[in-house]
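Take a look at the structure below.
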There are 2 protein chains.
Amino acid sequence: MPATDYPPETMVSPPGLRERKKERTRRAIADAALDLFERRGYAATTVEDIAAAADVSPRTFFRYFATKDEAVFDEADEVQAAFGPMLAERPPDEPLLASLRAVGSALLTPGVVDEERFRRMLALAAVEPAVRNRYHALLGSIEQEIVRWAAERLGLPETALRPRLLAAAAMAALRVATDAWLDAPGTELGDHVTAAIDMLAEGLAGDGGRSG
Amino acid sequence: MPATDYPPETMVSPPGLRERKKERTRRAIADAALDLFERRGYAATTVEDIAAAADVSPRTFFRYFATKDEAVFDEADEVQAAFGPMLAERPPDEPLLASLRAVGSALLTPGVVDEERFRRMLALAAVEPAVRNRYHALLGSIEQEIVRWAAERLGLPETALRPRLLAAAAMAALRVATDAWLDAPGTELGDHVTAAIDMLAEGLAGDGGRSG
DNA sequence: GATGAGGTGGCACTGACTGCCATACGTCAG
DNA sequence: CTGACGTATGGCAGTCAGTGCCACCTCATC
């Protein structure tokens with residue numbers, strides 16, 4: 001290749017008018033969808049309604065989101081993509097559940113999802129089965145990332161029981177934590193995540209003072 | 001009401017021609033659906049195809065199943081309904097995870113789901129997102145039963161962390177177990193369930209010989 | 001400012017799912 | 001045995017999610 005040794009930043013620095021426009025349209029659609037779902041209900045809102053509210057054609061809606069429910073968990077891809085690298089950066093000698101607890105607590109990292117929006121998503125997922133499915137699918141894809149990471153750290157194949165169970169249980173804990181957070185306004189999501197994962201680490205056999 | 005003090009069995013004893021016919025139709029549709037999904041793929045099979053194969057009208061299909069994917073997890077309601085009572089019958093002093101392990105192992109109880117059919121369902125769920133969603137929704141409804149049962153046994157509200165996490169983690173273990181069973185032909189599902197729940201009970205912190 | 005690539009809208013189409021009504025068939029009383 | 005009733009079924013029309021195709025327009029590049 002020729003002398004194109006520009007600094008790496010140059011490759012992405014000017015997002016360009018086109019890119020910014022696309023991003024604005026995407027947000028407009030996602031915002032309109034979330035807003036309409038909340039106010040009129042999921043089933044009562046048509047894609048045509050959302051498109052009209054976002055001032056695009058219905059056809060364009062489907063250029064940004066493959067399905068109606070996808071518009072709710074807009075940043076799903078970013079969240080999933082962030083999880084792997086964040087885990088990889090944890091110290092190799094750290095207990096796996098501690099790594100998961102740390103990364104899980106940092107879920108609502110500034111640039112990705114803001115707390116208020118995430119809460120609205122969860123509230124919708126609690127009520128609308130289609131949205132809940134989408135949320136669980138997101139957790140499922142993150143779970144796959146965790147399996148790969150855990151298998152590598154444990155020196156086991158990805159098909160082994162321990163990495164699979166560790167990932168599945170961690171995502172179960174994360175889901176319980178987000179549910180609990182939703183039910184308890186004013187609390188910190190990170191605290192719920194910590195509590196859930198710690199309980200997992202201690203082992204669920206000790207039934208909180210019962211026979212065990 | 002008058003003296004209708006017949007023995008309880010009388011209320012349900014003769015299933016009647018009508019009931020039996022309905023049951024046969026239901027099975028015919030479910031069988032046709034599973035078969036066609038396997039052979040042609042889920043998306044490539046229309047409700048019209050299934051209806052034709054089961055020798056009913058498309059309209060009738062929707063009288064038995066609300067959605068296309070529902071036809072796969074036909075006995076979902078029975079399985080869910082069976083879980084609660086089975087848990088309730090476990091000895092009150094038994095550790096909760098032991099109860100869950102016992103009931104989970106007995107999943108494929110004779111009258112409900114046969115092993116071969118369950119394996120086919122899982123294989124389909126592993127490939128088709130819509131079917132997987134349905135499977136996870138089934139696990140989710142069972143999870144709710146477990147939460148109620150665990151909360152009652154622990155003397156805690158259903159909103160408490162421990163019963164919720166216990167139920168979520170147990171269902172995660174059950175899912176991992178069924179997945180592992182699917183990947184390992186010739187093994188016993190019960191063994192996988194036992195192994196997964198035992199690992200959960202021991203606590204996931206002990207990273208299999210690592211630092212912990 | 002021409003040219004090409006990529007974003008957008010319109011249109012037609014498939015297929016899931018629903019409401020409505022007419023009809024056929026078990027069920028049960030007389 | 002028969003007629004009346006309740007329920008299962010089928011057909012039809014309609015809504016809406018989602019897709020392929022093509023024409024148009026707009027930003028980026030030389």
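Labels used: A, B, ... for chains in the order of the structure tokens, numbers from 1 for residues in each chain, and numbers from 1 for ligands as shown.
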>> Tell me as a PyMOL selection string which residues belonging to chain B come within 6 Å of chain A, counting only C-alpha atoms.
In response: chain B and resi 95+168-169+172+201-205+212
Output C-alpha atoms for every residue in the selection just made, as a compact mmCIF listing (two decimals), in the first residue's frame.
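Result file is selection-v1.txt:
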# COMPACT_ATOMS: atom_id res chain seq x y z
CA PRO B 95 -32.77 -27.51 51.08
CA ALA B 168 -33.52 -17.03 38.23
CA ALA B 169 -30.29 -18.93 38.87
CA ALA B 172 -30.43 -20.53 34.24
CA ALA B 201 -25.03 -24.71 45.32
CA GLU B 202 -21.29 -24.91 45.87
CA GLY B 203 -21.02 -21.30 44.85
CA LEU B 204 -19.55 -20.10 41.62
CA ALA B 205 -16.76 -18.25 43.34
CA GLY B 212 -11.31 -17.79 43.86
Hey, which bits of chain C sit within 10 Å of chain B, and for each residue what's the closest pair of atoms and how far apart in Å (one decimal), counting only C-alpha atoms (C1' of nucleotides), rows by chain and increasing number, as a Markdown table?
| residue | atom | partner | partner_atom | distance |
| --- | --- | --- | --- | --- |
| C:DG15 | C1' | B:Thr46 | CA | 7.3 |
| C:DA16 | C1' | B:Thr67 | CA | 7.9 |
| C:DC17 | C1' | B:Thr67 | CA | 7.8 |
| C:DT18 | C1' | B:Phe62 | CA | 9.5 |
| C:DC25 | C1' | B:Arg18 | CA | 9.4 |
| C:DG26 | C1' | B:Arg18 | CA | 6.2 |
| C:DT27 | C1' | B:Arg18 | CA | 9.1 |
>> as a ChimeraX atom specification, please: every residue in stretch 4-209 of chain A that DSSP puts in helix (DSSP H, G or I).
In response: /A:8-11,16-40,47-53,58-64,69-71,76-88,96-105,115-127,129-154,161-183,189-202
Next, the residues of the selection above should be written as a tab-separated table (two decimals), in the first residue's frame with C-alpha atoms.
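This went into out.tsv:
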chain	number	residue	atom	x	y	z
A	8	PRO	CA	-5.26	6.64	13.08
A	9	GLU	CA	-7.64	9.36	14.24
A	10	THR	CA	-7.90	10.66	10.72
A	11	MET	CA	-9.81	7.56	9.71
A	16	GLY	CA	-19.39	13.96	8.05
A	17	LEU	CA	-22.76	15.51	7.57
A	18	ARG	CA	-24.18	12.27	6.25
A	19	GLU	CA	-23.20	10.29	9.32
A	20	ARG	CA	-24.54	12.89	11.71
A	21	LYS	CA	-27.79	13.06	9.83
A	22	LYS	CA	-28.19	9.31	10.03
A	23	GLU	CA	-27.49	9.36	13.73
A	24	ARG	CA	-30.06	12.09	14.29
A	25	THR	CA	-32.67	10.18	12.31
A	26	ARG	CA	-31.93	7.04	14.27
A	27	ARG	CA	-32.40	8.83	17.56
A	28	ALA	CA	-35.54	10.52	16.33
A	29	ILE	CA	-37.09	7.17	15.46
A	30	ALA	CA	-35.99	5.53	18.71
A	31	ASP	CA	-37.26	8.44	20.78
A	32	ALA	CA	-40.58	8.53	18.95
A	33	ALA	CA	-41.01	4.79	19.39
A	34	LEU	CA	-40.26	4.79	23.11
A	35	ASP	CA	-42.51	7.78	23.65
A	36	LEU	CA	-45.45	6.37	21.70
A	37	PHE	CA	-45.12	2.92	23.27
A	38	GLU	CA	-45.29	4.49	26.70
A	39	ARG	CA	-48.25	6.72	25.93
A	40	ARG	CA	-50.43	4.52	23.72
A	47	VAL	CA	-44.81	1.50	12.67
A	48	GLU	CA	-46.57	4.07	10.54
A	49	ASP	CA	-47.29	6.10	13.69
A	50	ILE	CA	-43.66	5.99	14.73
A	51	ALA	CA	-42.44	6.90	11.28
A	52	ALA	CA	-44.82	9.84	11.12
A	53	ALA	CA	-43.73	11.08	14.55
A	58	PRO	CA	-42.39	3.67	7.16
A	59	ARG	CA	-39.94	2.16	4.70
A	60	THR	CA	-37.14	4.15	6.27
A	61	PHE	CA	-38.07	2.93	9.74
A	62	PHE	CA	-37.19	-0.59	8.62
A	63	ARG	CA	-33.90	0.61	7.21
A	64	TYR	CA	-32.86	1.52	10.75
A	69	ASP	CA	-39.40	-3.82	19.13
A	70	GLU	CA	-35.80	-3.28	18.07
A	71	ALA	CA	-36.38	0.46	18.19
A	76	ALA	CA	-28.24	-2.88	22.31
A	77	ASP	CA	-25.39	-3.50	19.90
A	78	GLU	CA	-23.14	-0.96	21.58
A	79	VAL	CA	-23.81	-2.39	25.03
A	80	GLN	CA	-23.09	-5.90	23.86
A	81	ALA	CA	-19.98	-4.82	21.99
A	82	ALA	CA	-18.70	-2.97	25.07
A	83	PHE	CA	-19.03	-5.94	27.39
A	84	GLY	CA	-16.34	-8.13	25.85
A	85	PRO	CA	-13.54	-5.53	25.88
A	86	MET	CA	-14.46	-4.38	29.38
A	87	LEU	CA	-14.11	-7.94	30.64
A	88	ALA	CA	-10.87	-8.45	28.77
A	96	LEU	CA	-14.32	-14.12	37.62
A	97	LEU	CA	-17.40	-13.09	39.55
A	98	ALA	CA	-15.56	-10.01	40.78
A	99	SER	CA	-14.81	-9.05	37.19
A	100	LEU	CA	-18.42	-9.60	36.23
A	101	ARG	CA	-19.59	-7.59	39.22
A	102	ALA	CA	-17.31	-4.71	38.28
A	103	VAL	CA	-18.33	-4.67	34.62
A	104	GLY	CA	-21.99	-5.17	35.44
A	105	SER	CA	-21.96	-2.28	37.88
A	115	GLU	CA	-29.99	5.91	33.38
A	116	GLU	CA	-33.31	7.58	32.70
A	117	ARG	CA	-33.70	5.99	29.29
A	118	PHE	CA	-32.67	2.58	30.57
A	119	ARG	CA	-35.29	2.78	33.27
A	120	ARG	CA	-37.96	3.56	30.69
A	121	MET	CA	-36.82	0.60	28.59
A	122	LEU	CA	-37.05	-1.74	31.56
A	123	ALA	CA	-40.45	-0.42	32.56
A	124	LEU	CA	-41.66	-1.14	29.06
A	125	ALA	CA	-40.08	-4.59	29.10
A	126	ALA	CA	-41.87	-5.35	32.34
A	127	VAL	CA	-45.20	-4.78	30.63
A	129	PRO	CA	-43.82	-9.32	26.20
A	130	ALA	CA	-42.33	-8.41	22.83
A	131	VAL	CA	-40.06	-5.83	24.43
A	132	ARG	CA	-39.15	-8.22	27.22
A	133	ASN	CA	-38.14	-10.80	24.63
A	134	ARG	CA	-35.87	-8.24	23.05
A	135	TYR	CA	-34.28	-7.43	26.41
A	136	HIS	CA	-33.70	-11.08	27.18
A	137	ALA	CA	-32.23	-11.58	23.72
A	138	LEU	CA	-29.78	-8.78	24.50
A	139	LEU	CA	-28.82	-10.46	27.76
A	140	GLY	CA	-28.45	-13.71	25.85
A	141	SER	CA	-25.98	-12.24	23.40
A	142	ILE	CA	-23.98	-10.75	26.25
A	143	GLU	CA	-24.05	-14.16	27.89
A	144	GLN	CA	-22.28	-15.59	24.85
A	145	GLU	CA	-19.53	-13.02	25.24
A	146	ILE	CA	-19.15	-14.00	28.86
A	147	VAL	CA	-18.96	-17.69	28.01
A	148	ARG	CA	-16.08	-17.04	25.62
A	149	TRP	CA	-14.26	-14.87	28.13
A	150	ALA	CA	-14.79	-17.25	31.06
A	151	ALA	CA	-13.75	-20.29	29.05
A	152	GLU	CA	-10.56	-18.56	28.05
A	153	ARG	CA	-9.76	-17.45	31.61
A	154	LEU	CA	-10.50	-20.88	33.00
A	161	LEU	CA	-20.32	-26.63	32.16
A	162	ARG	CA	-18.58	-24.10	34.38
A	163	PRO	CA	-18.15	-21.21	31.93
A	164	ARG	CA	-21.64	-21.75	30.59
A	165	LEU	CA	-23.23	-21.85	34.01
A	166	LEU	CA	-21.16	-18.95	35.27
A	167	ALA	CA	-22.30	-16.80	32.36
A	168	ALA	CA	-25.94	-17.88	32.61
A	169	ALA	CA	-26.07	-17.33	36.36
A	170	ALA	CA	-24.35	-13.97	36.07
A	171	MET	CA	-26.89	-12.79	33.51
A	172	ALA	CA	-29.68	-14.10	35.69
A	173	ALA	CA	-28.25	-12.04	38.54
A	174	LEU	CA	-27.98	-9.00	36.30
A	175	ARG	CA	-31.58	-9.38	35.24
A	176	VAL	CA	-32.78	-9.77	38.83
A	177	ALA	CA	-30.73	-6.71	39.75
A	178	THR	CA	-32.23	-4.56	37.01
A	179	ASP	CA	-35.72	-5.72	37.96
A	180	ALA	CA	-35.11	-4.88	41.60
A	181	TRP	CA	-33.65	-1.51	40.65
A	182	LEU	CA	-36.77	-0.76	38.60
A	183	ASP	CA	-38.97	-1.57	41.60
A	189	LEU	CA	-28.29	-0.03	40.00
A	190	GLY	CA	-24.70	-0.84	40.87
A	191	ASP	CA	-25.69	-1.73	44.43
A	192	HIS	CA	-28.27	-4.20	43.22
A	193	VAL	CA	-25.79	-5.78	40.84
A	194	THR	CA	-23.22	-6.11	43.61
A	195	ALA	CA	-25.71	-7.65	46.01
A	196	ALA	CA	-26.98	-10.17	43.47
A	197	ILE	CA	-23.55	-11.32	42.30
A	198	ASP	CA	-22.26	-11.54	45.85
A	199	MET	CA	-25.16	-13.77	46.79
A	200	LEU	CA	-24.33	-15.93	43.82
A	201	ALA	CA	-20.69	-16.17	44.88
A	202	GLU	CA	-21.56	-17.20	48.41
> Could you list, as a PyMOL selection string, every residue of chain D that has an atom within 10 Å of an atom of chain B, counting only C-alpha atoms (C1' of nucleotides)?
Replying inline: chain D and resi 7-11
Atoms kept (C-alpha atoms (C1' of nucleotides)) for selection, written as a compact mmCIF listing (two decimals), in the first residue's frame:
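Now in part-v7.txt:
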# COMPACT_ATOMS: atom_id res chain seq x y z
C1' DT D 7 -69.65 -25.34 20.60
C1' DA D 8 -66.15 -26.32 16.90
C1' DT D 9 -65.15 -25.12 12.34
C1' DG D 10 -64.55 -22.67 7.85
C1' DG D 11 -64.66 -18.72 4.87
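Atom CA of B:Pro110 to atom CA of B:Ala184 spans 21.6 Å [interatomic distance, one decimal].
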>> Report, in Å to a single decimal, how far apart atom C1' of C:DG7 and atom C1' of D:DA17 are.
In response: 22.3 Å
> Got a sec: who's within 12 Å of D:DC25, counting only C-alpha atoms (C1' of nucleotides), leaving out chain neighbours fewer than 4 positions off, as number ranges by chain?
Replying inline: C: 6-9
Residues just named, written with N, CA and C atoms (P, O5', C5', C4', C3', O3' and C1' of nucleotides) as a CSV table (one decimal), in the first residue's frame:
chain,number,residue,atom,x,y,z
C,6,DG,P,-21.4,2.9,-1.0
C,6,DG,O5',-22.5,3.7,0.0
C,6,DG,C5',-22.2,5.0,0.5
C,6,DG,C4',-23.5,5.7,0.8
C,6,DG,C3',-24.6,4.8,1.5
C,6,DG,O3',-25.2,5.6,2.5
C,6,DG,C1',-25.5,5.8,-0.4
C,7,DG,P,-26.0,4.9,3.6
C,7,DG,O5',-27.3,5.9,3.7
C,7,DG,C5',-27.1,7.3,3.9
C,7,DG,C4',-28.4,8.0,3.5
C,7,DG,C3',-29.7,7.4,4.2
C,7,DG,O3',-30.5,8.5,4.7
C,7,DG,C1',-29.9,7.4,1.9
C,8,DT,P,-31.8,8.1,5.5
C,8,DT,O5',-32.9,8.2,4.4
C,8,DT,C5',-33.0,9.5,3.7
C,8,DT,C4',-34.2,9.4,2.7
C,8,DT,C3',-35.5,8.7,3.2
C,8,DT,O3',-36.5,9.7,3.2
C,8,DT,C1',-34.9,7.9,1.1
C,9,DG,P,-37.9,9.4,3.9
C,9,DG,O5',-38.8,9.0,2.6
C,9,DG,C5',-38.8,9.9,1.5
C,9,DG,C4',-39.6,9.4,0.4
C,9,DG,C3',-41.0,8.8,0.8
C,9,DG,O3',-42.0,9.3,-0.1
C,9,DG,C1',-39.7,7.2,-0.5
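Atom pair atom CA of B:Pro185 / atom CA of B:Thr45 has a distance of 27.4 Å (rounded to one decimal).
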>> Report as a PyMOL selection string all protein, DNA and RNA residues lying within 12 Å of D:DT2, evaluated on only C-alpha atoms (C1' of nucleotides), omitting residues in the same chain fewer than 2 positions from it.
In response: (chain C and resi 28-30) or (chain D and resi 4)
Output N, CA and C atoms (P, O5', C5', C4', C3', O3' and C1' of nucleotides) for every residue in that selection, as a PDB file, in the first residue's frame.
ATOM      1  P    DC C  28     -73.729 -34.277  27.550  1.00  0.00           P
ATOM      2  O5'  DC C  28     -75.217 -33.814  27.901  1.00  0.00           O
ATOM      3  C5'  DC C  28     -75.632 -32.477  27.571  1.00  0.00           C
ATOM      4  C4'  DC C  28     -77.138 -32.416  27.415  1.00  0.00           C
ATOM      5  C3'  DC C  28     -77.915 -33.420  28.279  1.00  0.00           C
ATOM      6  O3'  DC C  28     -78.990 -32.735  28.910  1.00  0.00           O
ATOM      7  C1'  DC C  28     -78.633 -33.548  26.047  1.00  0.00           C
ATOM      8  P    DA C  29     -79.755 -33.431  30.148  1.00  0.00           P
ATOM      9  O5'  DA C  29     -81.259 -33.015  29.811  1.00  0.00           O
ATOM     10  C5'  DA C  29     -81.524 -31.669  29.422  1.00  0.00           C
ATOM     11  C4'  DA C  29     -82.847 -31.587  28.707  1.00  0.00           C
ATOM     12  C3'  DA C  29     -84.006 -32.283  29.409  1.00  0.00           C
ATOM     13  O3'  DA C  29     -85.180 -31.499  29.269  1.00  0.00           O
ATOM     14  C1'  DA C  29     -83.677 -33.260  27.265  1.00  0.00           C
ATOM     15  P    DG C  30     -86.465 -31.862  30.151  1.00  0.00           P
ATOM     16  O5'  DG C  30     -87.450 -32.505  29.101  1.00  0.00           O
ATOM     17  C5'  DG C  30     -87.794 -31.769  27.940  1.00  0.00           C
ATOM     18  C4'  DG C  30     -88.434 -32.688  26.920  1.00  0.00           C
ATOM     19  C3'  DG C  30     -89.549 -33.566  27.497  1.00  0.00           C
ATOM     20  O3'  DG C  30     -90.746 -33.366  26.753  1.00  0.00           O
ATOM     21  C1'  DG C  30     -88.027 -34.855  26.196  1.00  0.00           C
TER      22       DG C  30
ATOM     23  P    DA D   4     -86.958 -27.579  17.389  1.00  0.00           P
ATOM     24  O5'  DA D   4     -86.093 -27.033  18.605  1.00  0.00           O
ATOM     25  C5'  DA D   4     -86.478 -27.345  19.944  1.00  0.00           C
ATOM     26  C4'  DA D   4     -85.293 -27.097  20.880  1.00  0.00           C
ATOM     27  C3'  DA D   4     -84.525 -25.816  20.560  1.00  0.00           C
ATOM     28  O3'  DA D   4     -84.172 -25.167  21.782  1.00  0.00           O
ATOM     29  C1'  DA D   4     -83.060 -27.657  20.451  1.00  0.00           C
TER      30       DA D   4
END
